[in-house]
>>> print(open('run-v5.cif').read())   # mmCIF, C-alpha atoms and all ligand atoms
data_entry
loop_
_atom_site.group_PDB
_atom_site.id
_atom_site.type_symbol
_atom_site.label_atom_id
_atom_site.label_comp_id
_atom_site.auth_asym_id
_atom_site.auth_seq_id
_atom_site.Cartn_x
_atom_site.Cartn_y
_atom_site.Cartn_z
ATOM 1 C CA MET A 27 36.067 25.161 -4.512
ATOM 2 C CA ARG A 28 35.486 21.757 -6.048
ATOM 3 C CA CYS A 29 34.049 20.455 -2.769
ATOM 4 C CA ALA A 30 31.556 23.280 -2.570
ATOM 5 C CA PHE A 31 30.413 22.486 -6.094
ATOM 6 C CA VAL A 32 29.953 18.782 -5.287
ATOM 7 C CA THR A 33 28.023 19.647 -2.122
ATOM 8 C CA VAL A 34 25.620 21.794 -4.112
ATOM 9 C CA ILE A 35 24.968 18.950 -6.544
ATOM 10 C CA ALA A 36 24.472 16.464 -3.699
ATOM 11 C CA ALA A 37 21.989 18.789 -1.971
ATOM 12 C CA GLY A 38 20.129 19.156 -5.252
ATOM 13 C CA LEU A 39 19.889 15.394 -5.693
ATOM 14 C CA ILE A 40 18.529 14.939 -2.180
ATOM 15 C CA ALA A 41 15.918 17.646 -2.812
ATOM 16 C CA CYS A 42 14.821 15.979 -6.056
ATOM 17 C CA GLY A 43 14.538 12.591 -4.362
ATOM 18 C CA GLU A 44 12.194 14.103 -1.757
ATOM 19 C CA GLY A 45 14.902 13.460 0.836
ATOM 20 C CA ARG A 46 14.387 9.691 0.644
ATOM 21 C CA PRO A 47 16.638 7.231 -1.106
ATOM 22 C CA GLN A 48 14.853 5.684 -4.089
ATOM 23 C CA ASP A 49 13.468 2.234 -3.356
ATOM 24 C CA PRO A 50 15.520 -0.225 -5.474
ATOM 25 C CA ASP A 51 12.398 -2.246 -6.407
ATOM 26 C CA LEU A 52 10.681 0.842 -7.736
ATOM 27 C CA ALA A 53 13.824 2.028 -9.487
ATOM 28 C CA ALA A 54 14.270 -1.364 -11.177
ATOM 29 C CA TRP A 55 10.812 -1.193 -12.802
ATOM 30 C CA LYS A 56 10.778 2.507 -13.529
ATOM 31 C CA GLY A 57 9.319 3.304 -16.945
ATOM 32 C CA VAL A 58 8.162 -0.295 -17.491
ATOM 33 C CA GLU A 59 4.472 -0.651 -18.296
ATOM 34 C CA THR A 60 2.376 -1.864 -15.355
ATOM 35 C CA GLY A 61 1.080 -4.915 -17.274
ATOM 36 C CA VAL A 62 4.648 -6.021 -17.975
ATOM 37 C CA VAL A 63 5.686 -5.465 -14.352
ATOM 38 C CA ILE A 64 2.794 -7.657 -13.190
ATOM 39 C CA GLU A 65 3.778 -10.368 -15.657
ATOM 40 C CA GLN A 66 7.470 -10.377 -14.904
ATOM 41 C CA ALA A 67 8.056 -9.270 -11.300
ATOM 42 C CA GLU A 68 7.390 -11.384 -8.209
ATOM 43 C CA PRO A 69 3.794 -10.595 -7.101
ATOM 44 C CA PRO A 70 4.772 -8.698 -3.905
ATOM 45 C CA ILE A 71 7.272 -6.568 -5.852
ATOM 46 C CA ALA A 72 4.751 -5.915 -8.649
ATOM 47 C CA GLY A 73 2.290 -4.978 -5.882
ATOM 48 C CA LYS A 74 4.721 -2.471 -4.464
ATOM 49 C CA VAL A 75 5.085 -0.865 -7.886
ATOM 50 C CA VAL A 76 1.290 -0.719 -8.373
ATOM 51 C CA PHE A 77 0.896 0.654 -4.831
ATOM 52 C CA HIS A 78 3.076 3.612 -5.801
ATOM 53 C CA ARG A 79 1.670 4.071 -9.301
ATOM 54 C CA ARG A 80 -1.898 4.100 -8.012
ATOM 55 C CA GLY A 81 -1.093 6.624 -5.288
ATOM 56 C CA CYS A 82 -1.905 4.370 -2.318
ATOM 57 C CA GLN A 83 1.141 5.761 -0.552
ATOM 58 C CA GLN A 84 -0.488 9.185 -0.493
ATOM 59 C CA CYS A 85 -2.647 7.874 2.348
ATOM 60 C CA HIS A 86 -0.920 4.723 3.654
ATOM 61 C CA THR A 87 2.519 4.114 5.082
ATOM 62 C CA THR A 88 3.980 0.623 5.438
ATOM 63 C CA ASP A 89 6.201 1.323 8.449
ATOM 64 C CA GLY A 90 3.620 1.431 11.209
ATOM 65 C CA SER A 91 3.014 5.162 11.225
ATOM 66 C CA ARG A 92 -0.525 6.445 11.001
ATOM 67 C CA TRP A 93 -1.318 8.639 8.049
ATOM 68 C CA ILE A 94 -4.672 9.444 6.395
ATOM 69 C CA GLY A 95 -5.307 5.707 6.415
ATOM 70 C CA PRO A 96 -3.860 2.895 8.582
ATOM 71 C CA SER A 97 -0.314 1.649 8.037
ATOM 72 C CA LEU A 98 -0.625 -1.450 5.907
ATOM 73 C CA ASN A 99 2.033 -3.539 7.653
ATOM 74 C CA GLU A 100 -0.363 -4.073 10.565
ATOM 75 C CA VAL A 101 -3.386 -5.365 8.745
ATOM 76 C CA TYR A 102 -3.118 -8.857 7.235
ATOM 77 C CA GLY A 103 -3.858 -11.647 9.702
ATOM 78 C CA THR A 104 -5.209 -9.343 12.420
ATOM 79 C CA GLU A 105 -8.672 -8.437 13.733
ATOM 80 C CA ARG A 106 -9.651 -5.039 12.330
ATOM 81 C CA PRO A 107 -11.853 -2.837 14.522
ATOM 82 C CA LEU A 108 -14.686 -1.166 12.575
ATOM 83 C CA THR A 109 -16.608 2.042 13.299
ATOM 84 C CA ASP A 110 -19.795 0.077 13.955
ATOM 85 C CA GLY A 111 -18.141 -1.598 16.958
ATOM 86 C CA THR A 112 -17.639 -5.002 15.316
ATOM 87 C CA THR A 113 -14.358 -6.501 14.146
ATOM 88 C CA VAL A 114 -13.420 -8.405 11.015
ATOM 89 C CA PHE A 115 -10.512 -10.758 10.446
ATOM 90 C CA ALA A 116 -8.192 -9.493 7.711
ATOM 91 C CA ASP A 117 -7.670 -12.400 5.354
ATOM 92 C CA GLU A 118 -7.036 -12.172 1.632
ATOM 93 C CA ALA A 119 -10.722 -11.693 0.801
ATOM 94 C CA TYR A 120 -10.885 -8.830 3.285
ATOM 95 C CA LEU A 121 -7.908 -7.092 1.667
ATOM 96 C CA ARG A 122 -9.512 -7.450 -1.749
ATOM 97 C CA GLU A 123 -12.826 -6.028 -0.503
ATOM 98 C CA SER A 124 -11.074 -3.180 1.299
ATOM 99 C CA ILE A 125 -9.367 -2.132 -1.902
ATOM 100 C CA LEU A 126 -12.389 -2.433 -4.181
ATOM 101 C CA HIS A 127 -15.176 -1.221 -1.865
ATOM 102 C CA ALA A 128 -13.386 0.706 0.881
ATOM 103 C CA ARG A 129 -16.397 2.647 2.046
ATOM 104 C CA GLU A 130 -18.498 -0.365 2.892
ATOM 105 C CA ARG A 131 -16.505 -1.046 6.071
ATOM 106 C CA ILE A 132 -14.694 1.771 7.789
ATOM 107 C CA ILE A 133 -11.826 1.173 10.186
ATOM 108 C CA LYS A 134 -12.412 2.633 13.644
ATOM 109 C CA GLY A 135 -10.669 5.941 14.170
ATOM 110 C CA TYR A 136 -10.597 6.768 10.448
ATOM 111 C CA ARG A 137 -12.966 8.398 8.030
ATOM 112 C CA GLY A 138 -14.211 6.933 4.791
ATOM 113 C CA GLU A 139 -11.762 8.859 2.714
ATOM 114 C CA MET A 140 -10.475 6.026 0.621
ATOM 115 C CA PRO A 141 -11.652 6.115 -2.992
ATOM 116 C CA MET A 142 -13.627 3.162 -4.386
ATOM 117 C CA TYR A 143 -11.248 1.407 -6.760
ATOM 118 C CA GLU A 144 -13.688 -1.052 -8.248
ATOM 119 C CA ARG A 145 -13.915 0.627 -11.634
ATOM 120 C CA VAL A 146 -10.432 2.070 -11.495
ATOM 121 C CA ILE A 147 -7.936 -0.743 -11.102
ATOM 122 C CA SER A 148 -7.745 -4.065 -12.882
ATOM 123 C CA ARG A 149 -8.045 -7.471 -11.303
ATOM 124 C CA PRO A 150 -4.352 -8.342 -11.805
ATOM 125 C CA GLU A 151 -3.470 -5.079 -10.067
ATOM 126 C CA VAL A 152 -5.674 -6.008 -7.102
ATOM 127 C CA ASP A 153 -4.071 -9.471 -6.995
ATOM 128 C CA VAL A 154 -0.546 -8.091 -6.710
ATOM 129 C CA LEU A 155 -1.605 -5.377 -4.257
ATOM 130 C CA VAL A 156 -2.991 -8.114 -2.010
ATOM 131 C CA ALA A 157 0.276 -10.077 -2.388
ATOM 132 C CA TYR A 158 2.235 -6.961 -1.444
ATOM 133 C CA ILE A 159 0.123 -6.159 1.633
ATOM 134 C CA LYS A 160 0.405 -9.802 2.752
ATOM 135 C CA SER A 161 4.184 -9.687 2.311
ATOM 136 C CA LEU A 162 4.354 -6.795 4.770
ATOM 137 C CA ARG A 163 3.423 -9.268 7.519
ATOM 138 C CA PRO A 164 5.466 -12.359 6.695
ATOM 139 C CA ASP A 165 4.837 -13.799 10.160
ATOM 140 C CA ALA A 166 1.067 -13.803 9.809
ATOM 141 C CA GLY A 167 -0.061 -17.368 9.276
ATOM 142 C CA PRO A 168 -2.003 -18.579 6.269
ATOM 143 C CA ASP A 169 -5.639 -17.543 5.902
ATOM 144 C CA ASP A 170 -6.851 -20.592 7.762
ATOM 145 C CA ALA A 171 -4.934 -19.523 10.893
ATOM 146 C CA GLN A 172 -8.019 -17.538 11.855
ATOM 147 C CA PRO A 173 -8.852 -18.157 15.531
HETATM 148 C C1 LIG B 201 -7.347 9.310 -0.131
HETATM 149 C C2 LIG B 201 -6.697 8.408 0.799
HETATM 150 C C3 LIG B 201 -6.547 6.949 0.474
HETATM 151 C C4 LIG B 201 -6.024 6.360 -0.676
HETATM 152 C C5 LIG B 201 -5.503 7.061 -1.917
HETATM 153 C C6 LIG B 201 -6.021 4.941 -0.431
HETATM 154 N N1 LIG B 201 -6.536 4.658 0.800
HETATM 155 FE FE1 LIG B 201 -6.744 2.819 1.627
HETATM 156 N N2 LIG B 201 -7.663 3.645 3.249
HETATM 157 C C7 LIG B 201 -7.816 5.002 3.474
HETATM 158 C C8 LIG B 201 -8.507 5.206 4.762
HETATM 159 C C9 LIG B 201 -8.868 6.558 5.385
HETATM 160 C C10 LIG B 201 -8.763 3.923 5.276
HETATM 161 C C11 LIG B 201 -9.462 3.584 6.604
HETATM 162 C C12 LIG B 201 -10.931 3.823 6.484
HETATM 163 C C13 LIG B 201 -11.608 2.726 5.748
HETATM 164 O O1 LIG B 201 -11.623 1.600 6.243
HETATM 165 O O2 LIG B 201 -12.083 2.980 4.605
HETATM 166 C C14 LIG B 201 -8.224 2.955 4.304
HETATM 167 C C15 LIG B 201 -8.263 1.571 4.449
HETATM 168 C C16 LIG B 201 -7.569 0.668 3.653
HETATM 169 C C17 LIG B 201 -7.432 -0.749 3.910
HETATM 170 C C18 LIG B 201 -7.977 -1.471 5.140
HETATM 171 C C19 LIG B 201 -6.973 -1.191 6.255
HETATM 172 C C20 LIG B 201 -7.260 -1.818 7.585
HETATM 173 O O3 LIG B 201 -6.788 -1.244 8.573
HETATM 174 O O4 LIG B 201 -7.873 -2.871 7.675
HETATM 175 C C21 LIG B 201 -6.662 -1.277 2.915
HETATM 176 C C22 LIG B 201 -6.218 -2.735 2.766
HETATM 177 C C23 LIG B 201 -6.339 -0.192 2.001
HETATM 178 N N3 LIG B 201 -6.903 0.967 2.480
HETATM 179 C C24 LIG B 201 -5.574 -0.334 0.865
HETATM 180 C C25 LIG B 201 -5.368 0.686 -0.068
HETATM 181 C C26 LIG B 201 -4.728 0.497 -1.358
HETATM 182 C C27 LIG B 201 -4.132 -0.811 -1.853
HETATM 183 C C28 LIG B 201 -4.755 1.709 -1.994
HETATM 184 C C29 LIG B 201 -4.292 2.037 -3.409
HETATM 185 C C30 LIG B 201 -4.913 1.271 -4.493
HETATM 186 C C31 LIG B 201 -5.380 2.658 -1.088
HETATM 187 N N4 LIG B 201 -5.746 1.999 0.064
HETATM 188 C C32 LIG B 201 -5.563 4.001 -1.353
HETATM 189 C C33 LIG B 201 -7.393 6.021 2.666
HETATM 190 C C34 LIG B 201 -6.863 5.854 1.384
#
>>> encode(input="run-v5.cif", output="structure tokens")
Amino acid sequence: MRCAFVTVIAAGLIACGEGRPQDPDLAAWKGVETGVVIEQAEPPIAGKVVFHRRGCQQCHTTDGSRWIGPSLNEVYGTERPLTDGTTVFADEAYLRESILHARERIIKGYRGEMPMYERVISRPEVDVLVAYIKSLRPDAGPDDAQP
């Protein structure tokens, strides 16, 4: 009887957590104001928190699987194919531009569905988002590693 009760609670918890274990970085900063997170957390961790608070994960995964937008662990330090047939090297400046003015360059195979964040998110938020996206590819060389 007691086991059945515990099972019901466990099932309920899994349902509430959307079936995924809570990310410890997100849990650690839960309820803390974004400005404070940016001040106190390591930039890539603060970026992860902003990424979730700003809803980027509604369109982007970070594990290589395609969603509405490209997975962001395959971007920094690579050549990005654009719809106009050209490519652009994804350095820090590119990441910044892609976040602020997404619709100016569209990645091949995707549609320009990403909102323009220029008037929406603050500069410190963009800084930590860039740090986070860079941290997803730790093996990518520094910006000047461009071929
Ligand atoms: C409504 C869906 C949507 C949301 C929300 C969204 N994006 Fe995007 N994003 C896209 C799509 C679609 C593309 C590919 C088309 C393009 O280049 O605009 C893209 C492209 C990108 C790129 C360039 C990827 C590449 O392959 O070079 C980056 C970087 C990026 N998004 C970051 C973000 C960040 C950071 C946020 C949150 C602040 C965010 N996106 C929110 C849909 C979205």
>>> resolve_selection(input="run-v5.cif", expression="the PyMOL selection byres (((not hetatm)) within 8 of (chain B and resi 201))", output="NGL selection string")
:A and (76-78 or 80-86 or 94-98 or 100-102 or 106-108 or 116 or 120-122 or 124-125 or 128-141 or 143 or 147 or 152 or 155-156 or 159)
>>> atom_distance(input="run-v5.cif", atom1="CA of Arg163 in chain A", atom2="CA of Gly57 in chain A")
28.1 Å
>>> atom_distance(input="run-v5.cif", atom1="CA of Gln66 in chain A", atom2="CA of Ala166 in chain A")
25.8 Å
>>> residues_near_point(input="run-v5.cif", point="(14.0, -0.8, -9.8)", cutoff="12 Å", atoms="all atoms listed in the file", output="VMD selection string")
chain A and resid 48 to 58 63 67 71 to 72 74 to 75
>>> write_last_selection(input="run-v5.cif", atoms="C-alpha atoms", output="short mmCIF file (atom, residue, chain, number, x, y, z; two decimals), in the frame of the given file")
data_model
loop_
_atom_site.label_atom_id
_atom_site.label_comp_id
_atom_site.auth_asym_id
_atom_site.auth_seq_id
_atom_site.Cartn_x
_atom_site.Cartn_y
_atom_site.Cartn_z
CA GLN A 48 14.85 5.68 -4.09
CA ASP A 49 13.47 2.23 -3.36
CA PRO A 50 15.52 -0.22 -5.47
CA ASP A 51 12.40 -2.25 -6.41
CA LEU A 52 10.68 0.84 -7.74
CA ALA A 53 13.82 2.03 -9.49
CA ALA A 54 14.27 -1.36 -11.18
CA TRP A 55 10.81 -1.19 -12.80
CA LYS A 56 10.78 2.51 -13.53
CA GLY A 57 9.32 3.30 -16.94
CA VAL A 58 8.16 -0.30 -17.49
CA VAL A 63 5.69 -5.46 -14.35
CA ALA A 67 8.06 -9.27 -11.30
CA ILE A 71 7.27 -6.57 -5.85
CA ALA A 72 4.75 -5.92 -8.65
CA LYS A 74 4.72 -2.47 -4.46
CA VAL A 75 5.08 -0.86 -7.89
#
>>> residues_near_point(input="run-v5.cif", point="(0.2, -14.6, -2.8)", cutoff="12 Å", atoms="all atoms listed in the file", output="PyMOL selection string")
chain A and resi 68-73+117-119+121+150+152-162+164+168-169
>>> build_atoms(input="run-v5.cif", residues="range 75-99 of chain A", atoms="N, CA and C atoms", output="PDB file, in the frame of the given file")
ATOM      1  N   VAL A  75       5.043  -1.815  -6.763  1.00  0.00           N
ATOM      2  CA  VAL A  75       5.085  -0.865  -7.886  1.00  0.00           C
ATOM      3  C   VAL A  75       3.675  -0.298  -8.129  1.00  0.00           C
ATOM      4  N   VAL A  76       2.673  -1.176  -8.155  1.00  0.00           N
ATOM      5  CA  VAL A  76       1.290  -0.719  -8.373  1.00  0.00           C
ATOM      6  C   VAL A  76       0.860   0.212  -7.233  1.00  0.00           C
ATOM      7  N   PHE A  77       1.217  -0.153  -6.014  1.00  0.00           N
ATOM      8  CA  PHE A  77       0.896   0.654  -4.831  1.00  0.00           C
ATOM      9  C   PHE A  77       1.353   2.104  -5.031  1.00  0.00           C
ATOM     10  N   HIS A  78       2.546   2.259  -5.577  1.00  0.00           N
ATOM     11  CA  HIS A  78       3.076   3.612  -5.801  1.00  0.00           C
ATOM     12  C   HIS A  78       2.462   4.257  -7.039  1.00  0.00           C
ATOM     13  N   ARG A  79       2.253   3.474  -8.080  1.00  0.00           N
ATOM     14  CA  ARG A  79       1.670   4.071  -9.301  1.00  0.00           C
ATOM     15  C   ARG A  79       0.234   4.491  -9.096  1.00  0.00           C
ATOM     16  N   ARG A  80      -0.490   3.787  -8.254  1.00  0.00           N
ATOM     17  CA  ARG A  80      -1.898   4.100  -8.012  1.00  0.00           C
ATOM     18  C   ARG A  80      -2.094   5.105  -6.882  1.00  0.00           C
ATOM     19  N   GLY A  81      -0.987   5.558  -6.296  1.00  0.00           N
ATOM     20  CA  GLY A  81      -1.093   6.624  -5.288  1.00  0.00           C
ATOM     21  C   GLY A  81      -1.547   6.161  -3.915  1.00  0.00           C
ATOM     22  N   CYS A  82      -1.495   4.855  -3.644  1.00  0.00           N
ATOM     23  CA  CYS A  82      -1.905   4.370  -2.318  1.00  0.00           C
ATOM     24  C   CYS A  82      -1.032   4.991  -1.220  1.00  0.00           C
ATOM     25  N   GLN A  83       0.225   5.240  -1.569  1.00  0.00           N
ATOM     26  CA  GLN A  83       1.141   5.761  -0.552  1.00  0.00           C
ATOM     27  C   GLN A  83       0.827   7.207  -0.178  1.00  0.00           C
ATOM     28  N   GLN A  84      -0.079   7.836  -0.897  1.00  0.00           N
ATOM     29  CA  GLN A  84      -0.488   9.185  -0.493  1.00  0.00           C
ATOM     30  C   GLN A  84      -1.264   9.135   0.820  1.00  0.00           C
ATOM     31  N   CYS A  85      -1.844   7.996   1.127  1.00  0.00           N
ATOM     32  CA  CYS A  85      -2.647   7.874   2.348  1.00  0.00           C
ATOM     33  C   CYS A  85      -2.164   6.780   3.301  1.00  0.00           C
ATOM     34  N   HIS A  86      -1.343   5.854   2.818  1.00  0.00           N
ATOM     35  CA  HIS A  86      -0.920   4.723   3.654  1.00  0.00           C
ATOM     36  C   HIS A  86       0.594   4.652   3.736  1.00  0.00           C
ATOM     37  N   THR A  87       1.099   4.449   4.956  1.00  0.00           N
ATOM     38  CA  THR A  87       2.519   4.114   5.082  1.00  0.00           C
ATOM     39  C   THR A  87       2.594   2.587   5.198  1.00  0.00           C
ATOM     40  N   THR A  88       3.807   2.065   5.218  1.00  0.00           N
ATOM     41  CA  THR A  88       3.980   0.623   5.438  1.00  0.00           C
ATOM     42  C   THR A  88       4.979   0.409   6.573  1.00  0.00           C
ATOM     43  N   ASP A  89       5.204   1.437   7.376  1.00  0.00           N
ATOM     44  CA  ASP A  89       6.201   1.323   8.449  1.00  0.00           C
ATOM     45  C   ASP A  89       5.574   1.461   9.837  1.00  0.00           C
ATOM     46  N   GLY A  90       4.275   1.371   9.897  1.00  0.00           N
ATOM     47  CA  GLY A  90       3.620   1.431  11.209  1.00  0.00           C
ATOM     48  C   GLY A  90       3.133   2.823  11.584  1.00  0.00           C
ATOM     49  N   SER A  91       3.479   3.839  10.808  1.00  0.00           N
ATOM     50  CA  SER A  91       3.014   5.162  11.225  1.00  0.00           C
ATOM     51  C   SER A  91       1.663   5.495  10.596  1.00  0.00           C
ATOM     52  N   ARG A  92       0.822   6.086  11.425  1.00  0.00           N
ATOM     53  CA  ARG A  92      -0.525   6.445  11.001  1.00  0.00           C
ATOM     54  C   ARG A  92      -0.456   7.590  10.010  1.00  0.00           C
ATOM     55  N   TRP A  93      -1.235   7.534   8.984  1.00  0.00           N
ATOM     56  CA  TRP A  93      -1.318   8.639   8.049  1.00  0.00           C
ATOM     57  C   TRP A  93      -2.796   8.886   7.826  1.00  0.00           C
ATOM     58  N   ILE A  94      -3.235   9.215   6.618  1.00  0.00           N
ATOM     59  CA  ILE A  94      -4.672   9.444   6.395  1.00  0.00           C
ATOM     60  C   ILE A  94      -5.423   8.118   6.569  1.00  0.00           C
ATOM     61  N   GLY A  95      -4.775   7.056   6.180  1.00  0.00           N
ATOM     62  CA  GLY A  95      -5.307   5.707   6.415  1.00  0.00           C
ATOM     63  C   GLY A  95      -4.342   4.934   7.306  1.00  0.00           C
ATOM     64  N   PRO A  96      -4.733   3.716   7.730  1.00  0.00           N
ATOM     65  CA  PRO A  96      -3.860   2.895   8.582  1.00  0.00           C
ATOM     66  C   PRO A  96      -2.594   2.453   7.843  1.00  0.00           C
ATOM     67  N   SER A  97      -1.522   2.211   8.630  1.00  0.00           N
ATOM     68  CA  SER A  97      -0.314   1.649   8.037  1.00  0.00           C
ATOM     69  C   SER A  97      -0.611   0.217   7.618  1.00  0.00           C
ATOM     70  N   LEU A  98      -0.185  -0.154   6.428  1.00  0.00           N
ATOM     71  CA  LEU A  98      -0.625  -1.450   5.907  1.00  0.00           C
ATOM     72  C   LEU A  98       0.250  -2.630   6.324  1.00  0.00           C
ATOM     73  N   ASN A  99       1.259  -2.389   7.163  1.00  0.00           N
ATOM     74  CA  ASN A  99       2.033  -3.539   7.653  1.00  0.00           C
ATOM     75  C   ASN A  99       1.414  -4.114   8.928  1.00  0.00           C
TER      76      ASN A  99
END
